[in-house]
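For reference, final29.txt is printed below; it contains compact mmCIF, C-alpha atoms.
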# COMPACT_ATOMS: atom_id res chain seq x y z
CA MET A 1 93.15 100.70 77.55
CA GLN A 2 95.55 103.56 76.78
CA ALA A 3 97.16 106.08 79.12
CA ASP A 4 96.06 109.07 77.04
CA GLU A 5 92.44 107.88 77.07
CA ILE A 6 92.49 107.77 80.85
CA GLY A 7 94.36 111.09 80.88
CA ASN A 8 91.61 112.73 78.82
CA LYS A 9 89.05 111.41 81.27
CA ILE A 10 91.02 113.00 84.13
CA LEU A 11 91.40 116.30 82.29
CA SER A 12 87.64 116.35 81.74
CA GLY A 13 87.20 116.29 85.50
CA ASN A 14 85.98 112.71 85.77
CA ARG A 15 86.99 110.18 88.40
CA ILE A 16 89.01 107.21 87.24
CA SER A 17 88.29 103.66 88.35
CA LEU A 18 90.45 101.36 90.43
CA GLU A 19 91.41 99.44 87.27
CA GLU A 20 92.34 102.63 85.44
CA GLY A 21 94.43 103.75 88.40
CA ILE A 22 96.33 100.46 88.41
CA PHE A 23 96.93 100.76 84.66
CA LEU A 24 98.29 104.31 84.94
CA TYR A 25 100.48 103.43 87.90
CA GLU A 26 102.02 100.44 86.16
CA GLN A 27 102.05 101.53 82.51
CA ALA A 28 102.00 105.31 82.05
CA PRO A 29 105.32 107.07 81.37
CA LEU A 30 106.47 108.88 84.49
CA PRO A 31 106.67 112.37 82.84
CA TYR A 32 103.10 111.97 81.60
CA LEU A 33 101.88 110.85 85.02
CA MET A 34 103.65 113.76 86.74
CA LYS A 35 102.20 116.25 84.25
CA LEU A 36 98.66 114.99 84.86
CA ALA A 37 99.11 115.14 88.63
CA HIS A 38 100.68 118.59 88.60
CA GLY A 39 97.81 119.89 86.48
CA ILE A 40 95.29 118.59 89.03
CA ARG A 41 97.31 120.12 91.86
CA LEU A 42 97.32 123.54 90.13
CA LYS A 43 93.55 123.42 89.63
CA ARG A 44 92.99 122.61 93.30
CA HIS A 45 95.75 124.91 94.59
CA PRO A 46 96.26 127.64 91.95
CA GLU A 47 98.40 129.82 94.22
CA ASN A 48 102.14 129.29 93.85
CA ILE A 49 102.53 128.19 97.47
CA VAL A 50 103.68 125.10 99.32
CA THR A 51 102.63 124.68 102.92
CA TRP A 52 104.63 123.41 105.88
CA GLN A 53 104.30 123.16 109.66
CA ILE A 54 106.20 123.31 112.93
CA ASP A 55 105.22 120.53 115.30
CA ARG A 56 106.89 118.03 117.55
CA ASN A 57 106.54 114.27 117.71
CA ILE A 58 106.68 113.18 121.34
CA ASN A 59 106.55 109.45 121.95
CA ILE A 60 104.28 108.60 124.85
CA THR A 61 106.00 105.24 125.39
CA ASN A 62 108.26 102.82 123.56
CA VAL A 63 106.67 99.76 125.16
CA CYS A 64 104.59 97.89 122.61
CA SER A 65 102.88 94.51 122.46
CA VAL A 66 102.60 94.48 118.65
CA HIS A 67 106.24 94.20 117.48
CA CYS A 68 105.73 94.99 113.79
CA SER A 69 108.45 93.49 111.61
CA PHE A 70 109.53 96.91 110.27
CA CYS A 71 109.93 98.56 113.70
CA ASN A 72 113.16 99.02 115.62
CA PHE A 73 111.63 101.47 118.07
CA CYS A 74 109.46 99.32 120.33
CA THR A 75 110.56 97.28 123.30
CA THR A 76 109.05 95.25 126.16
CA SER A 77 108.12 96.56 129.59
CA LYS A 78 110.96 94.52 131.09
CA SER A 79 113.63 96.15 128.95
CA GLU A 80 116.10 98.60 130.49
CA LYS A 81 115.24 100.92 127.57
CA ALA A 82 111.50 100.97 128.36
CA TYR A 83 109.99 104.33 129.25
CA ILE A 84 106.78 106.30 129.68
CA THR A 85 107.31 110.00 129.08
CA SER A 86 106.84 112.07 132.25
CA ILE A 87 104.87 115.31 132.52
CA GLU A 88 108.14 117.11 133.25
CA GLU A 89 109.55 115.84 129.95
CA TYR A 90 106.43 116.93 128.10
CA THR A 91 106.76 120.38 129.66
CA GLU A 92 110.36 120.75 128.55
CA LYS A 93 109.64 119.56 125.01
CA ILE A 94 106.51 121.69 124.57
CA GLU A 95 108.27 124.79 125.88
CA GLU A 96 110.93 124.25 123.22
CA LEU A 97 108.19 123.79 120.60
CA ILE A 98 106.46 127.03 121.57
CA GLY A 99 109.80 128.81 121.54
CA ALA A 100 110.30 127.65 117.95
CA GLY A 101 106.85 128.92 116.94
CA GLY A 102 105.12 125.54 116.89
CA ASP A 103 101.50 124.93 117.77
CA GLN A 104 101.00 121.15 117.74
CA VAL A 105 102.27 117.97 119.36
CA LEU A 106 102.01 114.59 117.66
CA LEU A 107 101.66 112.08 120.48
CA GLN A 108 102.01 108.40 119.67
CA GLY A 109 104.17 105.45 120.52
CA GLY A 110 103.75 101.83 121.37
CA LEU A 111 100.62 99.91 122.26
CA ASN A 112 101.50 99.62 125.91
CA PRO A 113 99.23 97.11 127.72
CA ASP A 114 99.66 99.01 131.00
CA LEU A 115 98.19 102.26 129.63
CA GLY A 116 94.42 102.62 129.40
CA ILE A 117 91.79 105.27 128.77
CA VAL A 118 92.28 106.95 132.16
CA PHE A 119 95.99 107.45 131.48
CA TYR A 120 95.39 109.11 128.12
CA CYS A 121 92.54 111.28 129.39
CA GLU A 122 94.63 112.53 132.30
CA LEU A 123 97.59 113.19 130.03
CA PHE A 124 95.62 115.14 127.41
CA LEU A 125 93.76 117.12 130.08
CA ARG A 126 96.94 118.12 131.90
CA LEU A 127 98.60 119.21 128.66
CA LYS A 128 95.56 121.22 127.58
CA GLN A 129 95.28 122.92 130.98
CA ARG A 130 98.93 123.88 130.87
CA TYR A 131 99.09 124.73 127.14
CA PRO A 132 95.56 125.53 125.90
CA GLU A 133 96.92 126.90 122.61
CA ILE A 134 98.65 123.64 121.67
CA ARG A 135 96.75 121.21 119.46
CA ILE A 136 96.93 117.54 120.41
CA HIS A 137 97.27 115.36 117.30
CA ALA A 138 97.47 111.91 118.81
CA LEU A 139 96.79 108.17 118.80
CA GLY A 140 96.31 106.63 115.38
CA PRO A 141 93.63 103.98 114.70
CA PRO A 142 95.72 101.06 116.05
CA GLU A 143 95.92 102.76 119.45
CA ILE A 144 92.21 103.60 119.42
CA VAL A 145 91.31 99.98 118.62
CA PHE A 146 93.76 98.76 121.26
CA ILE A 147 92.22 100.98 123.96
CA SER A 148 88.73 99.97 122.87
CA LYS A 149 89.46 96.27 123.32
CA LYS A 150 91.42 96.76 126.54
CA GLU A 151 88.67 98.82 128.17
CA HIS A 152 85.71 96.93 126.64
CA MET A 153 84.49 100.20 125.14
CA THR A 154 83.18 100.97 121.68
CA VAL A 155 85.51 102.80 119.32
CA GLU A 156 83.03 105.66 119.29
CA GLY A 157 83.07 105.78 123.07
CA VAL A 158 86.86 105.92 123.16
CA ILE A 159 87.00 108.74 120.61
CA GLU A 160 84.28 110.76 122.36
CA THR A 161 85.97 110.37 125.74
CA LEU A 162 89.38 111.40 124.40
CA MET A 163 87.88 114.40 122.58
CA MET A 164 86.27 115.57 125.82
CA HIS A 165 89.69 115.51 127.45
CA GLY A 166 91.58 117.45 124.79
CA LEU A 167 92.21 115.29 121.71
CA ASP A 168 91.98 117.53 118.63
CA SER A 169 92.79 115.30 115.67
CA LEU A 170 93.95 111.82 114.68
CA PRO A 171 97.09 111.00 112.69
CA GLY A 172 96.92 108.38 109.97
CA ALA A 173 99.45 106.14 111.67
CA GLY A 174 99.35 102.38 111.35
CA ALA A 175 97.72 102.26 107.92
CA GLU A 176 100.73 100.60 106.30
CA ILE A 177 98.87 98.94 103.41
CA LEU A 178 95.11 98.62 103.89
CA CYS A 179 95.08 95.01 102.74
CA ASP A 180 94.85 92.24 105.30
CA ARG A 181 97.02 89.88 103.24
CA VAL A 182 99.92 92.31 103.66
CA ARG A 183 99.10 93.22 107.24
CA GLU A 184 99.23 89.55 108.24
CA LEU A 185 102.81 89.48 106.95
CA VAL A 186 104.23 92.73 108.35
CA SER A 187 102.06 93.61 111.38
CA PRO A 188 99.80 90.66 112.27
CA SER A 189 98.99 91.89 115.77
CA LYS A 190 97.88 95.36 114.67
CA CYS A 191 94.29 96.31 113.85
CA SER A 192 92.82 95.07 110.56
CA SER A 193 92.28 97.28 107.53
CA SER A 194 88.53 97.41 108.20
CA GLU A 195 89.15 98.42 111.83
CA TRP A 196 91.52 101.18 110.72
CA LEU A 197 88.94 102.54 108.30
CA GLU A 198 86.14 102.28 110.86
CA VAL A 199 88.07 104.37 113.40
CA MET A 200 88.51 107.07 110.78
CA ARG A 201 84.87 106.88 109.71
CA ILE A 202 83.73 107.48 113.28
CA ALA A 203 86.27 110.27 113.83
CA HIS A 204 85.06 112.01 110.67
CA LYS A 205 81.43 111.62 111.77
CA LYS A 206 82.38 113.42 114.98
CA GLY A 207 83.74 116.32 112.92
CA MET A 208 87.37 115.44 113.55
CA LEU A 209 90.14 116.18 111.07
CA THR A 210 92.53 113.33 110.37
CA SER A 211 95.35 112.45 108.02
CA ALA A 212 95.98 109.29 106.00
CA THR A 213 99.25 107.54 105.23
CA MET A 214 100.62 104.67 103.20
CA MET A 215 103.86 102.91 104.06
CA PHE A 216 104.84 101.06 100.90
CA GLY A 217 107.73 99.25 99.27
CA HIS A 218 107.75 96.03 101.30
CA LEU A 219 105.55 92.99 100.63
CA GLU A 220 102.60 94.56 98.82
CA THR A 221 101.89 94.56 95.08
CA PRO A 222 101.45 97.76 93.04
CA ALA A 223 97.76 96.89 92.67
CA GLU A 224 97.40 96.70 96.46
CA ARG A 225 98.81 100.22 96.75
CA ILE A 226 96.10 101.49 94.42
CA GLU A 227 93.47 99.51 96.34
CA HIS A 228 94.70 101.32 99.46
CA LEU A 229 94.09 104.67 97.74
CA ASP A 230 90.67 103.54 96.55
CA LYS A 231 89.61 102.60 100.10
CA LEU A 232 90.67 106.03 101.37
CA ARG A 233 88.80 107.73 98.53
CA LYS A 234 85.61 105.78 99.26
CA LEU A 235 85.82 106.62 102.95
CA GLN A 236 86.37 110.31 102.20
CA ASP A 237 83.25 110.26 100.02
CA ARG A 238 81.25 109.52 103.19
CA VAL A 239 82.30 112.70 105.02
CA ASN A 240 79.22 114.44 103.67
CA GLY A 241 79.66 117.87 105.24
CA SER A 242 80.34 116.64 108.79
CA GLY A 243 83.30 118.99 109.10
CA GLY A 244 85.73 116.14 109.54
CA GLY A 245 87.69 114.11 107.03
CA PHE A 246 91.16 113.45 105.70
CA ARG A 247 92.99 116.75 105.32
CA ALA A 248 96.10 115.20 103.84
CA PHE A 249 97.61 112.03 102.46
CA ILE A 250 101.25 111.13 103.07
CA PRO A 251 102.82 108.18 101.25
CA TRP A 252 106.26 107.15 102.48
CA PRO A 253 108.61 104.31 101.62
CA VAL A 254 109.30 101.74 104.31
CA GLN A 255 112.50 102.25 106.29
CA PHE A 256 113.93 98.83 107.01
CA GLU A 257 117.54 99.18 108.13
CA ASN A 258 118.36 96.38 110.61
CA THR A 259 114.70 95.39 110.93
CA ARG A 260 113.29 91.88 111.20
CA LEU A 261 111.46 92.56 107.94
CA ALA A 262 114.74 93.04 106.09
CA GLY A 263 116.25 90.04 107.80
CA LYS A 264 113.46 87.76 106.63
CA HIS A 265 112.70 89.18 103.16
CA LYS A 266 114.77 90.64 100.36
CA ILE A 267 113.53 94.23 100.15
CA GLU A 268 114.77 96.70 97.54
CA PRO A 269 114.66 100.39 98.47
CA VAL A 270 111.95 102.43 96.77
CA SER A 271 113.57 104.33 93.90
CA GLU A 272 113.15 108.05 93.34
CA SER A 273 111.12 107.38 90.20
CA MET A 274 108.80 104.99 92.04
CA TYR A 275 108.24 107.51 94.80
CA LEU A 276 107.42 110.22 92.24
CA ARG A 277 105.08 107.80 90.49
CA THR A 278 103.34 107.10 93.81
CA ILE A 279 102.96 110.80 94.65
CA ALA A 280 101.49 111.43 91.20
CA ILE A 281 98.98 108.57 91.27
CA SER A 282 97.97 109.61 94.80
CA ARG A 283 97.01 113.07 93.54
CA ILE A 284 95.15 111.54 90.59
CA MET A 285 93.25 108.90 92.56
CA LEU A 286 92.51 110.94 95.68
CA ASP A 287 90.34 113.53 94.00
CA ASN A 288 88.52 114.30 97.27
CA ILE A 289 91.56 114.84 99.53
CA ASP A 290 92.94 118.35 99.23
CA ASN A 291 96.54 117.95 100.27
CA ILE A 292 99.26 115.54 99.18
CA GLN A 293 102.41 115.64 101.29
CA ALA A 294 105.94 114.80 100.19
CA SER A 295 107.78 112.77 102.83
CA TRP A 296 111.11 114.61 102.82
CA LEU A 297 112.05 112.81 106.05
CA THR A 298 112.21 109.45 104.27
CA VAL A 299 113.14 110.38 100.68
CA GLY A 300 115.30 113.48 101.20
CA THR A 301 114.78 117.08 100.16
CA ASP A 302 115.97 116.69 96.55
CA THR A 303 113.29 114.12 95.75
CA ALA A 304 110.71 116.04 97.80
CA GLN A 305 111.32 119.14 95.67
CA ILE A 306 110.54 117.18 92.50
CA CYS A 307 107.39 115.87 94.19
CA LEU A 308 106.15 119.47 94.29
CA HIS A 309 106.00 119.26 90.49
CA ALA A 310 104.34 115.83 90.55
CA GLY A 311 101.17 116.50 92.54
CA ALA A 312 102.35 117.33 96.07
CA ASN A 313 101.51 120.72 97.58
CA ASP A 314 102.71 120.25 101.15
CA MET A 315 106.02 119.45 102.82
CA GLY A 316 104.76 118.43 106.22
CA SER A 317 106.62 119.42 109.37
CA ILE A 318 110.23 120.21 110.18
CA MET A 319 109.85 117.38 112.73
CA MET A 320 111.59 118.83 115.78
CA GLU A 321 111.69 115.29 117.11
CA GLU A 322 111.18 111.94 115.39
CA ASN A 323 112.27 108.57 116.71
CA VAL A 324 110.34 105.79 115.00
CA VAL A 325 111.31 105.84 111.31
CA SER A 326 114.68 107.29 112.27
CA SER A 327 115.41 104.09 114.20
CA ALA A 328 114.98 102.19 110.91
CA GLY A 329 117.24 104.37 108.79
CA ALA A 330 115.63 107.75 108.02
CA SER A 331 118.36 110.35 108.57
CA HIS A 332 117.25 113.59 106.87
CA ARG A 333 116.87 116.76 108.96
CA LEU A 334 115.47 120.27 108.39
CA ASP A 335 114.98 123.41 110.48
CA ALA A 336 112.53 126.21 109.66
CA ASP A 337 114.96 128.20 107.52
CA GLY A 338 116.02 125.05 105.72
CA MET A 339 112.40 124.13 104.98
CA LYS A 340 111.67 127.55 103.51
CA LYS A 341 114.79 127.42 101.36
CA VAL A 342 113.94 123.95 100.03
CA ILE A 343 110.49 125.17 98.98
CA GLU A 344 111.80 128.40 97.46
CA ASP A 345 114.52 126.58 95.53
CA ALA A 346 111.80 124.35 94.04
CA GLY A 347 110.09 127.47 92.66
CA PHE A 348 107.32 127.96 95.23
CA THR A 349 106.44 130.34 98.06
CA PRO A 350 106.57 128.69 101.49
CA LYS A 351 103.61 129.30 103.80
CA ARG A 352 103.47 127.98 107.33
CA ARG A 353 100.17 126.34 108.29
CA ASP A 354 98.39 124.64 111.16
CA GLN A 355 96.93 121.10 111.23
CA GLY A 356 93.75 122.33 109.54
CA TYR A 357 95.82 123.89 106.74
CA LYS A 358 95.02 127.42 107.81
CA ILE A 359 97.88 129.72 106.72
CA LEU A 360 99.58 131.25 109.75
CA GLU A 361 101.87 133.80 108.14
Conversion result in structure tokens:
Amino acid sequence: MQADEIGNKILSGNRISLEEGIFLYEQAPLPYLMKLAHGIRLKRHPENIVTWQIDRNINITNVCSVHCSFCNFCTTSKSEKAYITSIEEYTEKIEELIGAGGDQVLLQGGLNPDLGIVFYCELFLRLKQRYPEIRIHALGPPEIVFISKKEHMTVEGVIETLMMHGLDSLPGAGAEILCDRVRELVSPSKCSSSEWLEVMRIAHKKGMLTSATMMFGHLETPAERIEHLDKLRKLQDRVNGSGGGFRAFIPWPVQFENTRLAGKHKIEPVSESMYLRTIAISRIMLDNIDNIQASWLTVGTDTAQICLHAGANDMGSIMMEENVVSSAGASHRLDADGMKKVIEDAGFTPKRRDQGYKILE
């Protein structure tokens, strides 16, 4: 097997196999991999634009019964730091978001055993009644599975009920690596890889837009990263015109400062070249997902700019508020003007979008 043979297959418009993806990821020279990925990106997105968004991440609660080894954010209900965000706090934060031109809230947090389906339905309904123009992007698959088990409901029933009360789309949170060997090591109490995929399958069947993520650079192998991409690709193949599906994929390196994960295992930070390699192979493997996002929050704007020449076409949100990965070491910040300048300096035209990737300006 040779990289150029696989490259010719890609350039001919053919899908590569899992084994070919692993070979490229591990063996192909980085410049060659980036060139292939950028070529695919230009075919799919020929305009010289990079999209971005204004939204706000509001944590519903920091109480969580899962305690993933890479998380510094969660706490117990007995802790003095425990909280459940009040409607008054939501109002203040959403008013600030609207004032900044934003149109979406990302609502997630811990898997709080005291919060059930009624709580989330009431919350979403109150927010929608007060701010009908705001999209609610909330509750990743782990939370959906958690609610399902707590309430003795089917996953489909939970999703339908939440949609009726204002849920617009699902984030790809909690994917980590979609391999149960790895999940047993880093987040053993969280939903399994098959449960994560099943939540997304049902959401897509209902016509819901979702995103997909991969948190990498901890205890997984390179081959398991590619297997993660292959599982997402296979699931996206099943969308079949339902109107739903993964709108974007966001790979990001684990943030592990002062975490139990770092205390127990020797973890080396993901290098710039490895992140670029991962962005590139994501674009190559995920031939049925339109948008690949560079995680500037975790890798910094300099690396994110290079990602725009390695397969990425989106820079995500300015993140008016972010508390989870920041608590484990992510420290980069951008405002709207800064985001536009970063994109322009990389040689592209910035265009603000909504969650469905509709251009807003």
Review point. Within 10 Å of stretch 265-276 of chain A, counting only C-alpha atoms, which residues qualify if same-chain residues fewer than 3 places away don't, as a ChimeraX atom specification?
Key: /A:25,30-31,33-34,216-219,251-256,260-262,279-282,294-295,299-300,302-304,306-312
Review point. Which residues, written as an NGL selection string, have at least one atom at most 7 Å from A:Leu139, with only C-alpha atoms counted and residues fewer than 6 positions away on the same chain left out?
Key: :A and (107-108 or 170-171)
Check your understanding: Could you state the separation of atom CA of A:Lys93 and atom CA of A:Glu160 in Å, given to one decimal place?
Key ->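 One can read the atom CA of A:Lys93 to atom CA of A:Glu160 distance as 27.0 Å.
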**Study point:** Distance in Å - atom CA of A:Arg41 versus atom CA of A:Asp314
**Key:**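 Going from atom CA of A:Arg41 over to atom CA of A:Asp314 covers 10.7 Å.
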Shell around A:Glu26 at 10 Å using all atoms listed in the file, local window under 5 positions removed, as a PDB file with C-alpha atoms, in the frame of the given file:
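Printed below is result_15.pdb as written:
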ATOM      1  CA  GLU A  20      92.340 102.630  85.440  1.00  0.00           C
ATOM      2  CA  GLY A  21      94.430 103.750  88.400  1.00  0.00           C
ATOM      3  CA  PRO A 222     101.450  97.760  93.040  1.00  0.00           C
ATOM      4  CA  ALA A 223      97.760  96.890  92.670  1.00  0.00           C
ATOM      5  CA  ARG A 277     105.080 107.800  90.490  1.00  0.00           C
TER       6      ARG A 277
END
